[in-house]
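Undergrad: Sharing data_25.txt below, compact mmCIF, C-alpha atoms:
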```txt
# COMPACT_ATOMS: atom_id res chain seq x y z
CA MET A 1 127.02 73.31 58.86
CA ARG A 2 124.14 73.21 61.35
CA THR A 3 120.54 73.31 60.17
CA GLU A 4 117.68 74.84 62.11
CA THR A 5 116.84 71.32 63.32
CA GLY A 6 120.34 70.91 64.72
CA ILE A 7 121.31 68.13 62.31
CA ASN A 8 124.61 68.41 60.49
CA MET A 9 124.27 69.25 56.82
CA PRO A 10 127.45 68.64 54.83
CA GLU A 11 129.06 71.46 52.95
CA PRO A 12 129.25 70.95 49.16
CA HIS A 13 132.82 70.15 48.24
CA ASN A 14 134.90 73.05 46.96
CA PRO A 15 137.19 71.69 44.23
CA GLY A 16 139.67 74.48 44.94
CA GLY A 17 139.91 73.72 48.66
CA PRO A 18 141.16 70.81 50.74
CA GLU A 19 139.60 67.38 50.35
CA PRO A 20 137.13 66.78 53.21
CA ALA A 21 137.37 63.70 55.38
CA THR A 22 135.74 60.74 53.70
CA HIS A 23 135.73 58.17 56.53
CA ASN A 24 135.08 54.81 54.87
CA ARG A 25 134.98 56.07 51.31
CA GLN A 26 137.36 54.33 48.92
CA PRO A 27 139.01 56.68 46.44
CA ALA A 28 137.84 56.55 42.83
CA THR A 29 141.38 56.95 41.53
CA GLY A 30 144.56 54.95 41.15
CA ASN A 31 144.08 51.26 40.39
CA ARG A 32 140.43 51.28 41.35
CA LYS A 33 137.88 51.98 38.63
CA PRO A 34 135.84 55.14 39.19
CA VAL A 35 132.66 54.69 41.18
CA LYS A 36 129.66 55.17 38.88
CA GLY A 37 126.02 55.84 39.70
CA ILE A 38 122.99 55.85 37.41
CA GLY A 39 120.34 58.36 38.47
CA LEU A 40 116.68 58.95 37.65
CA LEU A 41 116.10 62.62 36.81
CA SER A 42 112.48 63.68 36.48
CA GLY A 43 113.17 67.37 36.02
CA GLY A 44 112.55 68.53 39.58
CA LEU A 45 115.00 70.14 41.97
CA ASP A 46 115.33 67.05 44.18
CA SER A 47 116.82 64.88 41.45
CA ILE A 48 119.15 67.71 40.38
CA LEU A 49 120.42 68.03 43.94
CA ALA A 50 120.79 64.27 44.38
CA ALA A 51 123.06 64.19 41.34
CA ARG A 52 125.08 67.19 42.51
CA VAL A 53 125.61 65.69 45.98
CA LEU A 54 127.16 62.62 44.36
CA VAL A 55 129.19 64.55 41.79
CA ASP A 56 130.54 66.52 44.76
CA GLN A 57 131.99 63.25 46.06
CA GLY A 58 133.82 62.68 42.78
CA ILE A 59 131.40 59.98 41.63
CA ASP A 60 130.85 59.44 37.91
CA VAL A 61 127.14 60.06 37.32
CA LEU A 62 124.87 59.29 34.34
CA GLY A 63 121.28 60.52 34.43
CA LEU A 64 118.28 58.76 32.90
CA THR A 65 114.91 60.20 31.99
CA PHE A 66 111.99 58.28 30.55
CA VAL A 67 109.48 58.54 27.72
CA THR A 68 105.87 57.30 27.90
CA PRO A 69 102.63 58.63 26.38
CA PHE A 70 102.03 60.46 29.68
CA PHE A 71 105.31 62.29 30.21
CA GLY A 72 108.29 63.07 28.04
CA PRO A 73 112.04 63.52 28.44
CA ASP A 74 112.44 67.27 28.03
CA GLU A 75 112.27 68.25 31.70
CA GLY A 76 114.64 65.47 32.71
CA LEU A 77 117.14 66.38 30.00
CA GLU A 78 117.06 69.99 31.16
CA ALA A 79 117.57 68.86 34.76
CA GLY A 80 120.67 66.97 33.66
CA ARG A 81 122.01 70.11 32.05
CA LYS A 82 121.51 72.03 35.29
CA ALA A 83 123.16 69.25 37.26
CA GLY A 84 126.06 69.22 34.83
CA ILE A 85 125.83 65.51 34.05
CA PRO A 86 125.38 63.46 30.84
CA MET A 87 121.82 62.29 30.21
CA ARG A 88 120.07 59.52 28.32
CA ALA A 89 116.34 59.25 27.43
CA VAL A 90 114.79 55.76 27.52
CA ASP A 91 111.43 54.95 25.92
CA ILE A 92 109.43 52.60 28.18
CA SER A 93 106.01 53.26 26.61
CA GLU A 94 104.95 49.65 25.99
CA ALA A 95 106.08 48.34 29.37
CA HIS A 96 104.61 51.34 31.16
CA LEU A 97 101.19 50.95 29.54
CA ALA A 98 101.09 47.24 30.40
CA MET A 99 101.92 48.05 34.03
CA LEU A 100 99.35 50.86 34.10
CA LYS A 101 96.48 48.49 33.32
CA ASN A 102 97.09 46.40 36.43
CA PRO A 103 99.51 47.99 38.91
CA ARG A 104 100.43 45.73 41.81
CA TYR A 105 100.29 48.59 44.34
CA GLY A 106 97.31 50.37 42.83
CA TYR A 107 96.78 54.00 41.89
CA GLY A 108 97.16 57.31 43.65
CA SER A 109 94.41 59.92 43.60
CA ARG A 110 93.85 59.51 39.83
CA MET A 111 95.42 56.97 37.47
CA ASN A 112 98.95 57.42 38.78
CA PRO A 113 100.51 54.10 39.90
CA CYS A 114 103.48 55.84 41.49
CA ILE A 115 105.03 52.90 43.33
CA ASP A 116 104.77 50.55 40.34
CA CYS A 117 105.96 53.31 38.01
CA HIS A 118 109.09 53.95 40.07
CA GLY A 119 109.75 50.23 40.28
CA LEU A 120 109.49 49.90 36.49
CA MET A 121 111.84 52.83 35.93
CA LEU A 122 114.39 51.38 38.30
CA ARG A 123 114.19 47.97 36.59
CA GLU A 124 114.89 49.69 33.28
CA ALA A 125 117.68 51.70 34.90
CA ALA A 126 119.17 48.47 36.24
CA LYS A 127 119.65 47.31 32.64
CA VAL A 128 121.63 50.47 31.94
CA MET A 129 123.57 50.01 35.17
CA GLN A 130 124.60 46.55 34.03
CA SER A 131 125.51 47.62 30.50
CA GLU A 132 127.52 50.58 31.80
CA GLY A 133 129.26 48.60 34.51
CA ALA A 134 127.91 51.05 37.09
CA ASP A 135 127.85 50.37 40.83
CA PHE A 136 124.45 51.61 41.96
CA LEU A 137 121.25 53.50 41.16
CA PHE A 138 120.05 56.68 42.82
CA THR A 139 116.93 58.84 42.88
CA GLY A 140 115.94 62.25 44.19
CA GLU A 141 113.24 60.80 46.46
CA VAL A 142 112.78 62.50 49.84
CA LEU A 143 111.41 60.54 52.76
CA GLY A 144 107.84 61.60 53.57
CA GLN A 145 107.54 64.16 50.78
CA ARG A 146 104.82 62.33 48.84
CA PRO A 147 102.11 60.49 50.77
CA MET A 148 101.87 57.48 48.47
CA SER A 149 105.28 56.80 47.00
CA GLN A 150 107.81 58.22 49.48
CA ARG A 151 106.83 56.57 52.73
CA ARG A 152 109.40 54.24 54.25
CA ASP A 153 107.39 51.15 53.32
CA ALA A 154 106.79 52.48 49.79
CA LEU A 155 110.52 52.99 49.26
CA ARG A 156 111.09 49.38 50.29
CA SER A 157 108.30 48.25 47.94
CA VAL A 158 109.95 50.08 45.05
CA GLU A 159 113.24 48.31 45.78
CA LYS A 160 111.42 44.98 45.83
CA LEU A 161 109.73 45.70 42.49
CA ALA A 162 113.06 46.73 40.99
CA GLY A 163 114.80 43.60 42.30
CA LEU A 164 117.65 45.71 43.67
CA PRO A 165 117.52 45.67 47.47
CA GLY A 166 120.36 47.70 48.91
CA ARG A 167 121.49 49.10 45.54
CA ILE A 168 119.17 52.11 45.36
CA LEU A 169 120.58 55.21 47.03
CA ARG A 170 118.46 58.24 48.01
CA PRO A 171 121.18 60.84 48.63
CA LEU A 172 118.82 63.50 50.03
CA SER A 173 117.41 61.26 52.78
CA ALA A 174 120.10 58.56 53.04
CA ARG A 175 121.08 59.33 56.63
CA LEU A 176 117.51 58.72 57.76
CA LEU A 177 117.34 55.35 55.99
CA ASP A 178 119.16 52.05 56.52
CA PRO A 179 122.62 52.13 54.94
CA THR A 180 122.68 50.74 51.42
CA ILE A 181 125.22 48.23 50.17
CA VAL A 182 127.06 50.98 48.30
CA GLU A 183 127.49 52.93 51.54
CA LEU A 184 128.55 49.85 53.52
CA GLU A 185 131.10 49.01 50.82
CA GLY A 186 132.49 52.52 51.01
CA LEU A 187 131.64 53.42 47.42
CA VAL A 188 129.74 56.45 48.70
CA ASP A 189 130.53 58.41 51.86
CA ARG A 190 127.37 58.27 53.99
CA GLU A 191 128.56 61.17 56.14
CA ARG A 192 128.38 63.47 53.12
CA LEU A 193 124.82 62.47 52.26
CA LEU A 194 121.77 64.26 53.67
CA ASP A 195 118.92 63.83 56.13
CA ILE A 196 116.05 65.73 54.47
CA GLN A 197 112.48 64.61 55.07
CA GLY A 198 108.94 65.93 54.81
CA ARG A 199 107.18 68.31 52.47
CA SER A 200 109.06 71.50 53.32
CA ARG A 201 111.35 72.67 50.54
CA LYS A 202 113.51 74.94 52.71
CA ARG A 203 116.50 72.61 52.90
CA GLN A 204 116.44 71.98 49.15
CA ALA A 205 116.23 75.71 48.37
CA GLU A 206 119.20 76.37 50.64
CA LEU A 207 121.25 73.61 49.06
CA ALA A 208 120.37 74.85 45.57
CA ARG A 209 121.69 78.33 46.45
CA ARG A 210 124.93 76.84 47.75
CA PHE A 211 125.37 74.82 44.55
CA GLY A 212 124.66 77.95 42.48
CA ILE A 213 121.39 76.56 41.07
CA SER A 214 118.90 79.40 40.77
CA ASP A 215 116.61 78.44 37.89
CA TYR A 216 114.64 75.32 38.72
CA PRO A 217 110.99 74.25 38.43
CA GLN A 218 108.64 74.57 41.37
CA PRO A 219 107.08 71.35 42.72
CA GLY A 220 104.23 70.13 40.58
CA GLY A 221 103.11 67.17 38.55
CA GLY A 222 104.38 66.82 35.02
CA CYS A 223 102.56 63.51 34.65
CA MET A 224 99.22 63.53 32.85
CA LEU A 225 98.05 60.57 34.95
CA THR A 226 97.54 62.92 37.92
CA SER A 227 95.04 65.05 35.94
CA GLU A 228 91.40 64.22 36.77
CA GLY A 229 90.15 64.91 33.24
CA PHE A 230 92.78 62.78 31.55
CA ALA A 231 92.41 60.01 34.13
CA ASN A 232 88.68 59.83 33.36
CA ARG A 233 89.22 59.43 29.63
CA LEU A 234 91.97 56.85 30.18
CA ARG A 235 89.64 54.78 32.41
CA GLU A 236 87.01 54.94 29.68
CA LEU A 237 89.56 53.86 27.06
CA PHE A 238 90.60 50.86 29.17
CA ARG A 239 86.94 49.96 29.75
CA ILE A 240 86.01 49.89 26.07
CA ARG A 241 89.42 48.74 24.79
CA PRO A 242 91.13 46.49 27.36
CA GLU A 243 93.73 45.79 24.68
CA ALA A 244 94.41 49.51 24.11
CA GLY A 245 97.96 50.21 23.06
CA VAL A 246 100.37 53.14 23.07
CA ALA A 247 98.82 54.65 19.92
CA ASP A 248 95.37 54.71 21.58
CA ALA A 249 96.80 56.39 24.67
CA GLU A 250 98.43 59.03 22.45
CA ILE A 251 95.15 59.79 20.64
CA ILE A 252 93.17 60.57 23.81
CA LYS A 253 95.60 63.35 24.73
CA TRP A 254 94.23 65.63 22.01
CA GLY A 255 90.97 67.58 22.20
CA ARG A 256 87.69 66.76 23.97
CA ALA A 257 86.64 63.16 24.61
CA PHE A 258 83.12 61.80 24.03
CA ARG A 259 81.40 58.45 24.51
CA LEU A 260 79.61 57.06 21.48
CA PRO A 261 77.15 54.18 21.07
CA GLY A 262 78.52 50.69 20.66
CA ASP A 263 81.25 51.19 23.29
CA ASN A 264 83.07 53.67 21.09
CA MET A 265 84.96 56.86 21.90
CA CYS A 266 85.92 59.89 19.84
CA MET A 267 88.16 62.89 20.22
CA VAL A 268 87.09 66.34 18.96
CA GLY A 269 89.78 68.97 18.49
CA ARG A 270 89.73 72.17 20.54
CA GLN A 271 92.17 74.05 18.31
CA ARG A 272 94.11 73.72 15.09
CA SER A 273 97.02 71.89 16.72
CA ASP A 274 94.59 69.24 18.01
CA ASN A 275 93.05 68.88 14.55
CA LEU A 276 96.43 68.37 12.91
CA LYS A 277 97.53 65.90 15.56
CA LEU A 278 94.34 63.85 15.32
CA GLU A 279 94.69 63.65 11.55
CA SER A 280 98.31 62.53 11.84
CA LEU A 281 97.41 59.83 14.40
CA ALA A 282 94.55 58.28 12.40
CA ARG A 283 95.06 54.59 11.68
CA ARG A 284 93.39 52.23 9.22
CA ARG A 285 90.34 51.43 11.35
CA ASP A 286 89.96 54.90 12.92
CA VAL A 287 87.37 57.25 11.44
CA PHE A 288 88.57 60.80 10.75
CA MET A 289 85.89 63.49 10.27
CA ARG A 290 85.81 67.19 9.38
CA SER A 291 83.35 69.86 8.30
CA MET A 292 83.23 70.69 4.59
CA ASP A 293 81.32 73.96 4.95
CA TYR A 294 82.52 75.83 8.05
CA PRO A 295 85.79 76.13 9.97
CA GLY A 296 85.69 73.79 12.92
CA PRO A 297 87.15 70.81 14.71
CA SER A 298 88.35 67.53 13.39
CA CYS A 299 87.03 64.36 15.01
CA LEU A 300 88.65 60.95 15.34
CA ILE A 301 86.59 57.89 16.28
CA ILE A 302 88.92 55.34 17.83
CA ALA A 303 88.65 52.07 15.84
CA PRO A 304 84.88 51.49 16.06
CA GLY A 305 83.71 47.89 16.04
CA ASP A 306 80.95 48.85 13.60
CA LEU A 307 81.36 51.83 11.30
CA ALA A 308 77.70 52.81 11.80
CA ASP A 309 77.99 53.02 15.58
CA GLY A 310 78.13 56.68 16.57
CA LEU A 311 78.89 58.04 13.11
CA GLU A 312 75.90 60.40 13.03
CA ILE A 313 76.48 61.59 16.60
CA ALA A 314 80.13 62.29 15.80
CA ALA A 315 79.06 64.24 12.71
CA GLY A 316 76.74 66.28 14.93
CA LEU A 317 79.65 67.01 17.25
CA VAL A 318 81.75 68.29 14.35
CA ALA A 319 78.90 70.53 13.14
CA SER A 320 77.95 71.83 16.59
CA TYR A 321 81.51 72.69 17.61
CA SER A 322 82.18 74.38 14.25
CA ASP A 323 81.53 78.00 13.35
CA ALA A 324 78.22 77.07 11.74
CA PRO A 325 75.15 79.01 13.00
CA GLU A 326 72.75 76.98 15.10
CA ASN A 327 70.41 74.87 12.93
CA ALA A 328 72.60 75.43 9.86
CA SER A 329 72.98 72.43 7.58
CA VAL A 330 76.57 71.13 7.61
CA ARG A 331 78.21 68.51 5.42
CA VAL A 332 80.67 66.39 7.38
CA GLN A 333 83.16 64.21 5.54
CA TRP A 334 84.22 60.95 7.17
CA MET A 335 87.21 58.84 6.13
CA THR A 336 88.98 55.63 6.98
CA MET A 337 91.99 54.25 5.15
CA ASP A 338 89.60 52.23 2.95
CA GLN A 339 86.33 54.17 2.77
CA THR A 340 84.96 57.70 2.68
CA GLY A 341 81.56 59.34 2.74
CA ILE A 342 79.59 62.49 3.53
CA LEU A 343 76.89 62.99 6.17
CA THR A 344 74.63 66.06 6.25
CA THR A 345 73.58 67.16 9.71
CA LYS A 346 72.52 70.28 11.60
CA ALA A 347 74.59 72.32 14.02
CA GLY A 348 73.00 72.31 17.46
CA PRO A 349 73.76 73.61 20.97
CA LYS A 350 76.91 72.13 22.49
CA ASN A 351 74.90 71.37 25.64
CA ASN A 352 73.15 68.64 23.65
CA TYR A 353 76.33 66.59 24.05
CA LYS A 354 76.98 67.29 27.73
CA GLU A 355 75.87 63.80 28.78
CA ILE A 356 78.43 62.04 26.58
CA LEU A 357 81.35 64.38 27.31
CA ILE A 358 84.10 62.66 29.31
CA SER A 359 85.34 65.36 31.68
```
I need this file expressed as structure tokens, please.
TA:
Amino acid sequence: MRTETGINMPEPHNPGGPEPATHNRQPATGNRKPVKGIGLLSGGLDSILAARVLVDQGIDVLGLTFVTPFFGPDEGLEAGRKAGIPMRAVDISEAHLAMLKNPRYGYGSRMNPCIDCHGLMLREAAKVMQSEGADFLFTGEVLGQRPMSQRRDALRSVEKLAGLPGRILRPLSARLLDPTIVELEGLVDRERLLDIQGRSRKRQAELARRFGISDYPQPGGGCMLTSEGFANRLRELFRIRPEAGVADAEIIKWGRAFRLPGDNMCMVGRQRSDNLKLESLARRRDVFMRSMDYPGPSCLIIAPGDLADGLEIAAGLVASYSDAPENASVRVQWMTMDQTGILTTKAGPKNNYKEILIS
């Protein structure tokens, strides 16, 4: 097939038709063990297509998706279903948070360390590759699609971080990149890989139609680290709690975030689901607060160094964001695992807290 740029674009293999020429590809049958690839599936169309291109060559494919406090496995698992391949979810929360505090290649526009993140995922995938006896890793990355993480030099940096030079295949852009070891060894037929580059999605949309894939997500970030508001509260968390762990990162996902005296931080629920989540996430040193007199938000102070620091301000937040009329007297109950008490405060205008809101 010829594309509008005049570059050959391989036809997806038709299992009912004749076997296309494979040039240097070694068959995955007979005495030779099947060729197996481990792929990273984020949930987007590119990774779905990368998997399908390899399946079309008769390669045994296993997809991986990852779990951190900032993105979950659901989209990746769904992508695997659409690609028709088995999937596995891997929790890398602890390692990811440690990397996030000091990424070697820095951040993108927010708190997204895309190069380091991809390198970490591929290192984790390499462990699966070894345990499964697989031959290579692959991703849905497209050369030049993302300005930070999908430049030529960035792709090389990711391979260096992963410690797998020559073993990471990008099926959608492979013919524009140096041949990998798996192509040179004939495990994958390079001629049946693709030469897509840039931000246009036209080639991907065309390939999706030809593979019969019609329901797929549009490009967009599923990672909370690319959100300005969340990035700001995460920076504040790291500033006041350099030792912050996965549980702290989970807490700041729920509700509004405020700075409190004594280098403290609290979350105030926006809706009932936030309130329930904050209550469920409270730990021994955290301070959980709620109004006793009016419907309103719950508040969670994240492990204050001194219980007195910010307690009255947090009570004022609970009262002011509740249904209490302005200037009404509100009793606010506070609790830790070991102590409890009641503060009486007045509901005031929400604008009174604008200066301490982390937005």
Undergrad: With range 116-128 of chain A as the partner and 10 Å as the cut-off, tabulate the residues of range 31-77 of chain A that qualify, each row holding the nearest pair of atoms and their distance in Å to one decimal, using only C-alpha atoms, sorted by chain and rising number, as a Markdown table.
TA:
```
| residue | atom | partner | partner_atom | distance |
| --- | --- | --- | --- | --- |
| A:Ile38 | CA | A:Ala125 | CA | 7.2 |
| A:Gly39 | CA | A:Ala125 | CA | 8.0 |
| A:Leu40 | CA | A:Ala125 | CA | 7.8 |
| A:Leu62 | CA | A:Val128 | CA | 9.7 |
| A:Gly63 | CA | A:Ala125 | CA | 9.5 |
| A:Leu64 | CA | A:Ala125 | CA | 7.4 |
| A:Thr65 | CA | A:Met121 | CA | 8.9 |
| A:Phe66 | CA | A:Met121 | CA | 7.7 |
```
Undergrad: With only C-alpha atoms counted and 10 Å as the cut-off, give the residues of range 44-118 of chain A in contact with range 131-142 of chain A, each with its shortest interatomic distance in Å and the pair that gives it, as JSON lines.
TA:
```
{"residue": "A:Gly44", "atom": "CA", "partner": "A:Gly140", "partner_atom": "CA", "distance": 8.5}
{"residue": "A:Leu45", "atom": "CA", "partner": "A:Gly140", "partner_atom": "CA", "distance": 8.3}
{"residue": "A:Asp46", "atom": "CA", "partner": "A:Gly140", "partner_atom": "CA", "distance": 4.8}
{"residue": "A:Ser47", "atom": "CA", "partner": "A:Gly140", "partner_atom": "CA", "distance": 3.9}
{"residue": "A:Ile48", "atom": "CA", "partner": "A:Gly140", "partner_atom": "CA", "distance": 7.4}
{"residue": "A:Leu49", "atom": "CA", "partner": "A:Gly140", "partner_atom": "CA", "distance": 7.3}
{"residue": "A:Ala50", "atom": "CA", "partner": "A:Gly140", "partner_atom": "CA", "distance": 5.3}
{"residue": "A:Ala51", "atom": "CA", "partner": "A:Gly140", "partner_atom": "CA", "distance": 7.9}
{"residue": "A:Leu54", "atom": "CA", "partner": "A:Phe138", "partner_atom": "CA", "distance": 9.4}
{"residue": "A:Asp60", "atom": "CA", "partner": "A:Ala134", "partner_atom": "CA", "distance": 8.9}
{"residue": "A:Val61", "atom": "CA", "partner": "A:Ala134", "partner_atom": "CA", "distance": 9.0}
{"residue": "A:Leu62", "atom": "CA", "partner": "A:Ala134", "partner_atom": "CA", "distance": 9.2}
{"residue": "A:Gly63", "atom": "CA", "partner": "A:Phe138", "partner_atom": "CA", "distance": 9.3}
{"residue": "A:His118", "atom": "CA", "partner": "A:Thr139", "partner_atom": "CA", "distance": 9.7}
```
Undergrad: How many Å lie between CA of Tyr107 in chain A and CA of Leu237 in chain A, rounded to one decimal?
TA: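 Value for the CA of Tyr107 in chain A-CA of Leu237 in chain A distance: 16.5 Å.
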Undergrad: Check the smallest atom-to-atom distance from each of A:Met99, A:Ile168, A:Ile342, A:Ile302 to Cys114 in chain A using all atoms listed in the file, then report the winner.
TA: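 Ranking A:Met99, A:Ile168, A:Ile342, A:Ile302 by distance to Cys114 in chain A, first place goes to A:Met99.
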Undergrad: In Å, rounded to a single decimal, give me how far CA of Pro171 in chain A is from CA of Val53 in chain A.
TA: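 Separation between CA of Val53 in chain A and CA of Pro171 in chain A: 7.1 Å.
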Undergrad: For Cys223 in chain A, which residue among A:Met87, A:Arg104, A:Pro113, A:Ile356 is the nearest when counting all atoms listed in the file?
TA: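 Checking each candidate against Cys223 in chain A, we get A:Pro113 as the closest.
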Undergrad: Quick one: residues within 10 Å of Arg331 in chain A, all atoms listed in the file, excluding same-chain residues fewer than 4 positions away - as a ChimeraX atom specification?
TA: /A:290-294,315-316,318-319,342-346
Undergrad: What does the distance from CA of Leu100 in chain A to CA of Leu172 in chain A come to in Å, to one decimal?
TA: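 Computing it gives 28.2 Å between the two atoms.
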Undergrad: Go through A:Leu184, A:Ile313, A:Ala347, A:Val35 one by one, measure the shortest atom-to-atom distance of each to Ala328 in chain A using only C-alpha atoms, and give the residue with the smallest value.
TA: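 Nearest candidate to Ala328 in chain A out of A:Leu184, A:Ile313, A:Ala347, A:Val35: A:Ala347.
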Undergrad: In the coordinates of the file, take the point (110.3, 60.2, 52.8) and a cut-off of 8 Å; then, counting only C-alpha atoms, name each qualifying protein, DNA or RNA residue as a PyMOL selection string.
TA: chain A and resi 141-146+150-152+173+197-198
Undergrad: If you count only C-alpha atoms, which residues fall within 9 Å of Ser93 in chain A, apart from same-chain ones fewer than 4 positions away, as a PyMOL selection string?
TA: chain A and resi 66-70+97-98+246
Undergrad: Taking only C-alpha atoms into account, which of A:Ser322, A:Ser149, A:Asn112, A:Ser214 comes nearest Lys82 in chain A?
TA: A:Ser214
Undergrad: Taking all atoms listed in the file into account, name the residue in A:Pro165, A:Pro179, A:Gly80, A:Gly72 that is nearest to Ile92 in chain A.
TA: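 Ranked by minimum distance to Ile92 in chain A, first place goes to A:Gly72.
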Undergrad: Set the distance at 7 Å and use all atoms listed in the file: which residues neighbour Thr336 in chain A once local chain neighbours fewer than 5 positions away are removed? I'd like the list as a PDB file with C-alpha atoms, in the frame of the given file.
TA:
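result38.pdb written:
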```pdb
ATOM      1  CA  ARG A 284      93.390  52.230   9.220  1.00  0.00           C
ATOM      2  CA  ARG A 285      90.340  51.430  11.350  1.00  0.00           C
ATOM      3  CA  ASP A 286      89.960  54.900  12.920  1.00  0.00           C
ATOM      4  CA  VAL A 287      87.370  57.250  11.440  1.00  0.00           C
ATOM      5  CA  PHE A 288      88.570  60.800  10.750  1.00  0.00           C
TER       6      PHE A 288
END
```
